[in-house]
$ cat query.tsv   # TSV, C-alpha atoms
chain	number	residue	atom	x	y	z
A	1	MET	CA	254.26	-52.26	-54.93
A	2	GLU	CA	257.24	-54.65	-54.72
A	3	PHE	CA	260.81	-53.43	-55.11
A	4	ASP	CA	261.26	-55.20	-58.43
A	5	GLU	CA	258.30	-53.23	-59.73
A	6	LEU	CA	259.74	-50.05	-58.26
A	7	MET	CA	263.01	-50.72	-60.00
A	8	SER	CA	261.38	-51.21	-63.40
A	9	MET	CA	259.19	-48.16	-62.83
A	10	TRP	CA	262.33	-46.12	-61.98
A	11	LYS	CA	264.14	-47.36	-65.06
A	12	ALA	CA	261.15	-46.55	-67.25
A	13	ILE	CA	261.17	-42.85	-66.32
A	14	GLU	CA	262.07	-40.97	-69.46
A	15	PRO	CA	263.75	-37.56	-69.34
A	16	LEU	CA	262.34	-34.63	-71.25
A	17	PRO	CA	264.35	-34.44	-74.46
A	18	LYS	CA	267.01	-31.71	-74.60
A	19	THR	CA	268.82	-30.53	-77.67
A	20	ASP	CA	272.60	-30.10	-77.76
A	21	GLU	CA	272.03	-26.37	-77.99
A	22	GLU	CA	269.97	-26.36	-74.78
A	23	ILE	CA	272.67	-28.32	-72.95
A	24	ARG	CA	275.38	-26.07	-74.35
A	25	GLU	CA	273.51	-23.08	-72.91
A	26	MET	CA	273.50	-24.76	-69.49
A	27	LEU	CA	277.30	-24.79	-69.47
A	28	LYS	CA	277.47	-21.01	-69.61
A	29	GLU	CA	277.99	-19.18	-66.35
A	30	ASN	CA	275.77	-16.27	-67.43
A	31	LYS	CA	272.82	-18.64	-67.94
A	32	HIS	CA	273.13	-20.24	-64.52
A	33	PRO	CA	269.98	-19.44	-62.48
A	34	VAL	CA	271.68	-18.88	-59.09
A	35	LEU	CA	274.92	-17.31	-60.33
A	36	LYS	CA	272.97	-14.96	-62.57
A	37	SER	CA	271.00	-13.51	-59.65
A	38	ILE	CA	274.11	-13.27	-57.44
A	39	ARG	CA	276.00	-11.50	-60.24
A	40	LYS	CA	273.13	-9.07	-60.71
A	41	GLN	CA	273.09	-8.30	-56.99
A	42	ILE	CA	276.89	-7.87	-56.85
A	43	THR	CA	276.86	-5.55	-59.87
A	44	ILE	CA	274.15	-3.34	-58.34
A	45	GLU	CA	275.95	-3.24	-54.97
A	46	ILE	CA	279.35	-2.47	-56.50
A	47	ALA	CA	277.86	0.29	-58.68
A	48	GLY	CA	276.03	1.80	-55.69
A	49	TRP	CA	278.97	1.72	-53.31
A	50	VAL	CA	281.48	2.94	-55.89
A	51	THR	CA	279.16	5.91	-56.49
A	52	PHE	CA	278.98	6.47	-52.75
A	53	LEU	CA	282.77	6.31	-52.38
A	54	THR	CA	283.32	8.80	-55.17
A	55	CYS	CA	280.85	11.27	-53.63
A	56	TYR	CA	281.07	10.80	-49.87
A	57	TYR	CA	284.24	12.89	-49.44
A	58	THR	CA	282.47	16.09	-50.46
A	59	MET	CA	278.82	15.18	-49.85
A	60	PHE	CA	279.24	13.71	-46.36
A	61	ASP	CA	282.13	15.86	-45.12
A	62	GLY	CA	284.84	13.23	-45.49
A	63	SER	CA	287.31	16.11	-45.88
A	64	THR	CA	286.58	17.31	-42.33
A	65	LYS	CA	287.26	13.90	-40.79
A	66	PRO	CA	290.63	12.30	-39.99
A	67	PHE	CA	292.36	10.14	-42.57
A	68	LEU	CA	291.93	7.00	-40.45
A	69	VAL	CA	288.15	7.51	-40.22
A	70	ASN	CA	288.00	7.83	-44.01
A	71	ILE	CA	290.08	4.69	-44.43
A	72	THR	CA	287.82	2.84	-41.96
A	73	LEU	CA	284.77	3.81	-44.00
A	74	ILE	CA	286.38	2.61	-47.24
A	75	ILE	CA	287.36	-0.71	-45.63
A	76	ALA	CA	283.87	-1.04	-44.14
A	77	VAL	CA	282.28	-0.62	-47.56
A	78	ILE	CA	284.75	-2.81	-49.45
A	79	THR	CA	284.70	-5.75	-46.99
A	80	PRO	CA	281.10	-6.90	-47.74
A	81	LEU	CA	281.73	-6.47	-51.47
A	82	ILE	CA	284.76	-8.77	-51.26
A	83	HIS	CA	282.69	-11.17	-49.20
A	84	ASN	CA	280.00	-11.19	-51.90
A	85	LEU	CA	282.60	-12.10	-54.51
A	86	TYR	CA	283.71	-14.94	-52.25
A	87	GLY	CA	280.03	-15.96	-52.02
A	88	TYR	CA	279.82	-16.07	-55.81
A	89	ASN	CA	282.75	-18.46	-55.91
A	90	PHE	CA	281.20	-20.50	-53.12
A	91	ALA	CA	278.03	-20.97	-55.20
A	92	LYS	CA	280.01	-21.66	-58.36
A	93	TYR	CA	282.20	-24.46	-57.01
A	94	LEU	CA	279.55	-26.37	-55.12
A	95	VAL	CA	280.93	-29.89	-55.04
A	96	ASP	CA	284.05	-31.92	-55.57
A	97	ALA	CA	284.35	-35.34	-57.10
A	98	SER	CA	285.22	-37.23	-53.92
A	99	THR	CA	282.66	-39.42	-52.16
A	100	ILE	CA	279.36	-37.76	-51.26
A	101	LYS	CA	280.23	-37.95	-47.56
A	102	ASN	CA	283.66	-36.31	-48.04
A	103	SER	CA	282.28	-33.67	-50.34
A	104	LEU	CA	279.50	-32.79	-47.88
A	105	GLU	CA	281.98	-32.60	-44.99
A	106	GLY	CA	284.08	-30.15	-47.01
A	107	TYR	CA	280.99	-28.21	-47.99
A	108	LEU	CA	279.83	-28.03	-44.37
A	109	HIS	CA	283.22	-26.70	-43.31
A	110	LYS	CA	283.15	-24.06	-46.08
A	111	MET	CA	279.61	-23.09	-45.09
A	112	LYS	CA	280.60	-22.53	-41.45
A	113	ILE	CA	283.49	-20.30	-42.54
A	114	TYR	CA	281.14	-18.49	-44.90
A	115	MET	CA	278.66	-17.86	-42.07
A	116	ILE	CA	281.40	-16.41	-39.83
A	117	ARG	CA	282.68	-14.22	-42.69
A	118	SER	CA	279.13	-12.99	-43.37
A	119	ILE	CA	278.64	-11.93	-39.76
A	120	VAL	CA	282.11	-10.39	-39.40
A	121	SER	CA	281.83	-8.43	-42.67
A	122	ARG	CA	278.39	-7.12	-41.59
A	123	ILE	CA	279.84	-6.03	-38.21
A	124	ILE	CA	282.75	-4.25	-39.95
A	125	PHE	CA	280.31	-2.55	-42.31
A	126	MET	CA	277.99	-1.34	-39.53
A	127	CYS	CA	280.82	-0.17	-37.26
A	128	GLY	CA	282.60	1.67	-40.09
A	129	LEU	CA	279.43	3.45	-41.15
A	130	MET	CA	278.44	4.41	-37.61
A	131	LEU	CA	281.95	5.67	-36.84
A	132	PHE	CA	282.08	7.81	-39.97
A	133	PHE	CA	278.63	9.39	-39.66
A	134	SER	CA	278.85	10.04	-35.92
A	135	TYR	CA	282.45	11.27	-35.85
A	136	ASN	CA	281.99	15.04	-35.91
A	137	ILE	CA	278.86	15.12	-33.78
A	138	ASN	CA	279.38	16.36	-30.25
A	139	PHE	CA	277.71	14.02	-27.84
A	140	ASN	CA	277.40	14.04	-24.09
A	141	THR	CA	278.09	10.83	-22.20
A	142	SER	CA	274.50	9.62	-22.18
A	143	LYS	CA	274.18	10.16	-25.93
A	144	TYR	CA	277.42	8.23	-26.49
A	145	PHE	CA	275.93	5.36	-24.55
A	146	LEU	CA	272.74	5.64	-26.61
A	147	LEU	CA	274.73	5.58	-29.86
A	148	ALA	CA	276.70	2.56	-28.64
A	149	ALA	CA	273.45	0.82	-27.68
A	150	VAL	CA	271.82	1.53	-31.06
A	151	THR	CA	274.93	0.32	-32.92
A	152	LEU	CA	275.08	-2.81	-30.81
A	153	LEU	CA	271.38	-3.47	-31.31
A	154	LEU	CA	271.64	-3.07	-35.10
A	155	ILE	CA	274.65	-5.37	-35.19
A	156	LEU	CA	272.94	-7.96	-33.02
A	157	ILE	CA	269.76	-7.94	-35.13
A	158	GLN	CA	271.69	-8.37	-38.37
A	159	ALA	CA	274.00	-11.00	-36.88
A	160	PHE	CA	271.00	-12.87	-35.50
A	161	PHE	CA	269.24	-13.06	-38.87
A	162	LEU	CA	272.42	-14.08	-40.69
A	163	TYR	CA	273.13	-16.69	-38.04
A	164	LYS	CA	269.56	-18.00	-38.28
A	165	ILE	CA	269.68	-18.35	-42.09
A	166	TRP	CA	273.04	-20.10	-42.12
A	167	THR	CA	272.47	-22.39	-39.12
A	168	LYS	CA	269.32	-23.68	-40.86
A	169	ARG	CA	271.35	-24.52	-43.99
A	170	ILE	CA	274.16	-25.99	-41.90
A	171	ALA	CA	271.66	-28.11	-39.94
A	172	ASP	CA	270.18	-29.49	-43.19
A	173	ILE	CA	273.60	-30.58	-44.49
A	174	ARG	CA	274.56	-31.97	-41.08
A	175	LYS	CA	271.33	-34.00	-41.00
A	176	THR	CA	272.17	-35.52	-44.40
A	177	LEU	CA	275.72	-36.26	-43.21
A	178	ASN	CA	274.37	-37.94	-40.08
A	179	GLY	CA	272.15	-40.03	-42.33
A	180	LEU	CA	275.28	-41.20	-44.14
A	181	SER	CA	277.16	-42.02	-40.92
B	1	MET	CA	288.02	-27.43	-76.47
B	2	GLN	CA	285.35	-28.24	-79.07
B	3	ASP	CA	286.23	-31.92	-78.90
B	4	ARG	CA	285.96	-31.80	-75.14
B	5	GLU	CA	282.59	-30.05	-75.34
B	6	ALA	CA	281.31	-32.54	-77.93
B	7	ALA	CA	282.41	-35.46	-75.75
B	8	PHE	CA	280.71	-33.86	-72.76
B	9	LEU	CA	277.46	-33.27	-74.67
B	10	SER	CA	277.32	-36.87	-75.77
B	11	LEU	CA	277.96	-37.96	-72.17
B	12	ILE	CA	275.06	-35.80	-70.95
B	13	ASN	CA	272.78	-37.11	-73.69
B	14	GLU	CA	273.67	-40.64	-72.69
B	15	HIS	CA	273.05	-40.02	-68.97
B	16	SER	CA	270.31	-37.39	-69.05
B	17	GLY	CA	267.88	-39.97	-67.62
B	18	ILE	CA	269.63	-40.19	-64.26
B	19	ILE	CA	270.05	-36.39	-64.05
B	20	TYR	CA	266.34	-36.00	-64.74
B	21	LYS	CA	265.39	-38.65	-62.16
B	22	ILE	CA	267.61	-37.09	-59.48
B	23	SER	CA	266.08	-33.67	-60.21
B	24	ARG	CA	262.63	-35.14	-59.90
B	25	LEU	CA	263.50	-36.92	-56.66
B	26	TYR	CA	265.00	-33.87	-54.94
B	27	ARG	CA	262.76	-31.04	-56.14
B	28	ASP	CA	258.98	-30.69	-56.07
B	29	SER	CA	258.11	-28.13	-58.75
B	30	ALA	CA	258.85	-28.42	-62.47
B	31	GLU	CA	260.78	-25.11	-62.40
B	32	ASP	CA	262.96	-26.23	-59.50
B	33	ARG	CA	263.67	-29.51	-61.28
B	34	GLU	CA	264.69	-27.65	-64.40
B	35	ASP	CA	267.00	-25.42	-62.34
B	36	LEU	CA	268.52	-28.43	-60.59
B	37	PHE	CA	269.01	-30.21	-63.93
B	38	GLN	CA	270.91	-27.16	-65.17
B	39	GLU	CA	272.92	-26.91	-61.94
B	40	ILE	CA	273.93	-30.58	-62.18
B	41	VAL	CA	275.01	-30.19	-65.83
B	42	PHE	CA	276.96	-27.04	-64.89
B	43	GLN	CA	278.73	-28.75	-61.97
B	44	LEU	CA	279.52	-31.77	-64.13
B	45	TRP	CA	281.05	-29.46	-66.73
B	46	LYS	CA	283.10	-27.70	-64.03
B	47	SER	CA	284.49	-30.96	-62.74
B	48	TYR	CA	284.85	-32.58	-66.18
B	49	PRO	CA	288.54	-31.56	-66.60
B	50	SER	CA	289.42	-33.38	-63.37
B	51	PHE	CA	287.57	-36.49	-64.52
B	52	LYS	CA	290.30	-38.62	-66.02
B	53	GLY	CA	288.37	-41.82	-66.26
B	54	ASN	CA	289.93	-43.26	-63.09
B	55	ALA	CA	286.45	-43.85	-61.80
B	56	SER	CA	283.76	-45.16	-64.13
B	57	THR	CA	281.72	-42.46	-65.85
B	58	GLY	CA	278.62	-43.57	-63.98
B	59	THR	CA	280.29	-43.39	-60.56
B	60	TRP	CA	281.66	-39.91	-61.26
B	61	LEU	CA	278.32	-38.70	-62.57
B	62	TYR	CA	276.30	-40.10	-59.64
B	63	ARG	CA	278.68	-38.45	-57.16
B	64	ILE	CA	278.49	-35.02	-58.71
B	65	ALA	CA	274.76	-35.16	-59.46
B	66	LEU	CA	273.71	-36.34	-55.99
B	67	ASN	CA	276.17	-33.99	-54.27
B	68	THR	CA	274.74	-31.09	-56.24
B	69	ALA	CA	271.14	-32.07	-55.48
B	70	ILE	CA	271.91	-32.10	-51.74
B	71	SER	CA	274.13	-29.01	-51.61
B	72	SER	CA	272.50	-26.56	-54.00
B	73	PHE	CA	270.19	-23.91	-52.62
B	74	ARG	CA	266.46	-24.40	-52.81
B	75	LYS	CA	263.93	-21.69	-53.46
B	76	LYS	CA	261.71	-21.03	-50.47
B	77	LYS	CA	258.54	-20.57	-52.45
B	78	PRO	CA	257.63	-22.19	-55.72
B	79	GLU	CA	257.83	-19.70	-58.55
B	80	ILE	CA	255.00	-19.68	-61.08
B	81	ARG	CA	256.20	-19.17	-64.64
B	82	TYR	CA	253.79	-18.64	-67.47
B	83	THR	CA	254.97	-19.60	-70.92
B	84	GLU	CA	253.69	-18.10	-74.14
B	85	THR	CA	253.29	-21.44	-75.86
B	86	LEU	CA	252.31	-24.92	-74.81
B	87	PRO	CA	255.17	-27.44	-74.66
B	88	ASP	CA	255.60	-29.63	-77.75
B	89	VAL	CA	256.14	-32.71	-75.66
B	90	ALA	CA	253.86	-33.58	-72.76
B	91	GLU	CA	255.70	-33.94	-69.49
B	92	GLY	CA	255.33	-37.27	-67.77
B	93	PRO	CA	255.02	-40.90	-68.65
B	94	PRO	CA	252.82	-42.35	-71.40
B	95	SER	CA	250.20	-44.38	-69.58
B	96	GLU	CA	247.91	-43.41	-66.75
B	97	GLU	CA	248.79	-46.44	-64.66
B	98	VAL	CA	252.52	-45.78	-64.90
B	99	ALA	CA	251.91	-42.13	-64.11
B	100	MET	CA	249.96	-43.09	-61.00
B	101	ARG	CA	252.71	-45.43	-59.81
B	102	GLN	CA	255.39	-42.82	-60.37
B	103	GLU	CA	253.34	-40.23	-58.53
B	104	LEU	CA	252.80	-42.61	-55.62
B	105	PHE	CA	256.52	-43.32	-55.46
B	106	PHE	CA	257.65	-39.69	-55.63
B	107	THR	CA	255.04	-38.67	-53.06
B	108	ALA	CA	256.37	-41.36	-50.73
B	109	MET	CA	259.92	-40.18	-51.37
B	110	LYS	CA	259.01	-36.72	-50.05
B	111	GLN	CA	258.84	-38.36	-46.62
B	112	CYS	CA	262.46	-39.49	-46.94
B	113	ASP	CA	265.43	-37.30	-46.09
B	114	ASP	CA	268.21	-36.44	-48.55
B	115	SER	CA	270.54	-39.25	-47.42
B	116	GLU	CA	267.77	-41.84	-47.83
B	117	LYS	CA	266.95	-40.48	-51.29
B	118	THR	CA	270.63	-40.83	-52.25
B	119	ILE	CA	270.85	-44.47	-51.23
B	120	ILE	CA	267.52	-45.49	-52.74
B	121	ALA	CA	268.28	-43.72	-56.05
B	122	LEU	CA	271.56	-45.61	-56.39
B	123	TYR	CA	269.85	-48.87	-55.46
B	124	LEU	CA	267.07	-48.35	-58.00
B	125	GLU	CA	269.73	-47.62	-60.63
B	126	GLY	CA	270.82	-51.21	-60.06
B	127	LEU	CA	274.15	-50.48	-58.37
B	128	SER	CA	275.72	-53.06	-56.08
B	129	TYR	CA	276.28	-52.41	-52.36
B	130	GLN	CA	279.98	-52.02	-53.13
B	131	GLN	CA	279.32	-49.36	-55.77
B	132	ILE	CA	276.88	-47.52	-53.49
B	133	ALA	CA	279.51	-47.60	-50.74
B	134	GLU	CA	282.14	-46.18	-53.14
B	135	ILE	CA	279.91	-43.33	-54.19
B	136	THR	CA	278.52	-42.38	-50.80
B	137	GLY	CA	281.62	-43.03	-48.70
B	138	ILE	CA	279.94	-45.36	-46.20
B	139	SER	CA	280.77	-49.03	-45.64
B	140	GLU	CA	279.09	-51.83	-47.57
B	141	ASN	CA	277.57	-53.27	-44.39
B	142	HIS	CA	276.17	-49.90	-43.51
B	143	VAL	CA	274.66	-49.59	-46.99
B	144	GLY	CA	272.85	-52.90	-46.42
B	145	VAL	CA	271.50	-51.82	-43.04
B	146	LYS	CA	270.40	-48.42	-44.32
B	147	LEU	CA	268.81	-49.87	-47.42
B	148	ASN	CA	266.70	-52.35	-45.44
B	149	ARG	CA	265.43	-49.54	-43.25
B	150	ILE	CA	264.61	-47.33	-46.22
B	151	LYS	CA	262.91	-50.17	-48.09
B	152	SER	CA	260.57	-50.95	-45.22
B	153	LYS	CA	259.88	-47.25	-44.76
B	154	ILE	CA	258.94	-46.85	-48.43
B	155	GLN	CA	256.84	-50.00	-48.44
B	156	LYS	CA	254.85	-48.69	-45.50
B	157	LEU	CA	254.39	-45.38	-47.28
B	158	ILE	CA	253.21	-46.79	-50.60
B	159	ARG	CA	251.10	-49.65	-49.25

$ encode --input "query.tsv" --output "structure tokens"
Amino acid sequence: MEFDELMSMWKAIEPLPKTDEEIREMLKENKHPVLKSIRKQITIEIAGWVTFLTCYYTMFDGSTKPFLVNITLIIAVITPLIHNLYGYNFAKYLVDASTIKNSLEGYLHKMKIYMIRSIVSRIIFMCGLMLFFSYNINFNTSKYFLLAAVTLLLILIQAFFLYKIWTKRIADIRKTLNGLS
Amino acid sequence: MQDREAAFLSLINEHSGIIYKISRLYRDSAEDREDLFQEIVFQLWKSYPSFKGNASTGTWLYRIALNTAISSFRKKKPEIRYTETLPDVAEGPPSEEVAMRQELFFTAMKQCDDSEKTIIALYLEGLSYQQIAEITGISENHVGVKLNRIKSKIQKLIR
């Protein structure tokens, strides 16, 4: 097939007809396929963690633990929720109207920051939770080391998977950028 | 607001062909294409207030649409959706020969990476090297070099 033929074939491709109503629906944030699922996840997480925060003080002996430990737990729980809201915004404002190369460079930069924030917020969450739930337990030295090892292992596993997911996405965008360089 | 929305709707109706073609080029399943179509329309709507007609409508639309196709997240596995009724309009082109050619082309395009798809889509739309350079952000000379490489790659694939 020659390129002239390809060009006429390309131009002959007809879109599936869409009504104004269908297009109007596409403009709504609550009909957006990705944003809808992120919003659903955020709502469930916020509801769950707010319930936890209202109950933990009596149910998990928050009253017997120092103020700073309680504050650490609250920060640890709120940090990933804030990060998720940031993620929602990240998915909502995907591109800018500059050249494709510039827009992808900006997107790549935002993605790297997002990856670091994801890992840091997960570390804060894990550390806060471990600190709170292990605070009043009397450990001997070897058990302290064991607890530290388990915490570290959990953090490393989570960080590894997050890193793996995001580096794959970053590599894909970088490959496209290299193709435009 | 209503005037703005009406103007936007007419713009989308006018250019729905290119949005559809980009969706088809960058996504394999019909559901993914539909999602990408929606994502492109949504991103165009988001950036519509900043579009003041400094660039031509086409240039602005190509930038946003291609950027969205490259940047938006892809589903890992194709999702199977069953509909209650058959579609009123059959998807795809009218004749068998045209359908075969299109299929051959889109199958070949799966072997190309996202940057190659971008350049070839703009070329097939009939844009000049200068316009492709403006949209992508690479130099005109580079567009020429890239395009020659992509053309020979595609010709090998569809031979």

$ interface_residues --input "query.tsv" --of "chain A" --to "chain B" --cutoff "6 Å" --atoms "only C-alpha atoms" --output "PyMOL selection string"
chain A and resi 7+15+26-27+99-101+176+179

$ closest_residue --input "query.tsv" --among "B:Arg27, B:Arg33, B:Ile150, B:Leu157" --to "Ile120 (chain B)" --atoms "only C-alpha atoms"
B:Ile150

$ atom_distance --input "query.tsv" --atom1 "CA of Leu108 (chain A)" --atom2 "CA of Gly87 (chain A)"
14.3 Å

$ axis_aligned_box --input "query.tsv" --around "region 127-134 of chain B" --padding-each-side "8 Å" --output "JSON"
{"center_x": 278.1, "center_y": -49.6, "center_z": -54.6, "size_x": 24.0, "size_y": 22.9, "size_z": 23.6}

$ residues_around --input "query.tsv" --residues "region 144-149 of chain A" --least-positions-apart "4" --cutoff "12 Å" --atoms "only C-alpha atoms" --output "PyMOL selection string"
chain A and resi 126-127+130-131+133-135+137-140+153-156

$ atom_distance --input "query.tsv" --atom1 "CA of Tyr129 (chain B)" --atom2 "CA of Asn141 (chain B)"
8.1 Å

$ atom_distance --input "query.tsv" --atom1 "CA of Gly106 (chain A)" --atom2 "CA of Leu177 (chain A)"
11.0 Å

$ closest_residue --input "query.tsv" --among "A:Thr72, A:Thr51, A:Ser118, A:Ser98" --to "Phe161 (chain A)" --atoms "all atoms listed in the file"
A:Ser118

$ closest_residue --input "query.tsv" --among "A:Gly128, A:Tyr88, A:Ser121, A:Ser63" --to "Ala159 (chain A)" --atoms "all atoms listed in the file"
A:Ser121

$ closest_residue --input "query.tsv" --among "B:Ile132, B:Met109, B:Val145, B:Leu127" --to "Asp28 (chain B)" --atoms "all atoms listed in the file"
B:Met109

$ closest_residue --input "query.tsv" --among "A:Val77, A:Val50, A:Ile123, A:Leu180" --to "Thr151 (chain A)" --atoms "only C-alpha atoms"
A:Ile123

$ closest_residue --input "query.tsv" --among "A:Gln41, A:Ile124, A:Lys92, A:Lys31" --to "Ile74 (chain A)" --atoms "all atoms listed in the file"
A:Ile124

$ residues_around --input "query.tsv" --residues "Asn84 (chain A)" --least-positions-apart "6" --cutoff "12 Å" --atoms "all atoms listed in the file" --output "ChimeraX atom specification"
/A:35,38-46,77-78,90-91,114-115,117-118,121-122

$ build_atoms --input "query.tsv" --residues "region 19-32 of chain A" --atoms "N, CA and C atoms" --output "mmCIF file, keeping the file's coordinate frame"
data_model
loop_
_atom_site.group_PDB
_atom_site.id
_atom_site.type_symbol
_atom_site.label_atom_id
_atom_site.label_comp_id
_atom_site.auth_asym_id
_atom_site.auth_seq_id
_atom_site.Cartn_x
_atom_site.Cartn_y
_atom_site.Cartn_z
ATOM 1 N N THR A 19 267.947 -30.612 -76.502
ATOM 2 C CA THR A 19 268.820 -30.530 -77.670
ATOM 3 C C THR A 19 270.243 -30.202 -77.209
ATOM 4 N N ASP A 20 271.206 -30.433 -78.078
ATOM 5 C CA ASP A 20 272.600 -30.100 -77.760
ATOM 6 C C ASP A 20 272.741 -28.613 -77.454
ATOM 7 N N GLU A 21 271.962 -27.815 -78.176
ATOM 8 C CA GLU A 21 272.030 -26.370 -77.990
ATOM 9 C C GLU A 21 271.566 -25.982 -76.576
ATOM 10 N N GLU A 22 270.489 -26.636 -76.138
ATOM 11 C CA GLU A 22 269.970 -26.360 -74.780
ATOM 12 C C GLU A 22 271.012 -26.743 -73.725
ATOM 13 N N ILE A 23 271.651 -27.889 -73.919
ATOM 14 C CA ILE A 23 272.670 -28.320 -72.950
ATOM 15 C C ILE A 23 273.877 -27.396 -72.992
ATOM 16 N N ARG A 24 274.250 -26.990 -74.194
ATOM 17 C CA ARG A 24 275.380 -26.070 -74.350
ATOM 18 C C ARG A 24 275.123 -24.766 -73.587
ATOM 19 N N GLU A 25 273.892 -24.303 -73.636
ATOM 20 C CA GLU A 25 273.510 -23.080 -72.910
ATOM 21 C C GLU A 25 273.681 -23.258 -71.394
ATOM 22 N N MET A 26 273.406 -24.482 -70.932
ATOM 23 C CA MET A 26 273.500 -24.760 -69.490
ATOM 24 C C MET A 26 274.932 -24.704 -68.974
ATOM 25 N N LEU A 27 275.891 -24.814 -69.875
ATOM 26 C CA LEU A 27 277.300 -24.790 -69.470
ATOM 27 C C LEU A 27 277.801 -23.369 -69.236
ATOM 28 N N LYS A 28 277.017 -22.405 -69.697
ATOM 29 C CA LYS A 28 277.470 -21.010 -69.610
ATOM 30 C C LYS A 28 277.147 -20.428 -68.228
ATOM 31 N N GLU A 29 278.150 -19.765 -67.688
ATOM 32 C CA GLU A 29 277.990 -19.180 -66.350
ATOM 33 C C GLU A 29 276.887 -18.121 -66.334
ATOM 34 N N ASN A 30 276.774 -17.354 -67.430
ATOM 35 C CA ASN A 30 275.770 -16.270 -67.430
ATOM 36 C C ASN A 30 274.338 -16.763 -67.635
ATOM 37 N N LYS A 31 274.171 -18.076 -67.831
ATOM 38 C CA LYS A 31 272.820 -18.640 -67.940
ATOM 39 C C LYS A 31 272.433 -19.405 -66.674
ATOM 40 N N HIS A 32 273.360 -19.479 -65.739
ATOM 41 C CA HIS A 32 273.130 -20.240 -64.520
ATOM 42 C C HIS A 32 272.128 -19.491 -63.629
#
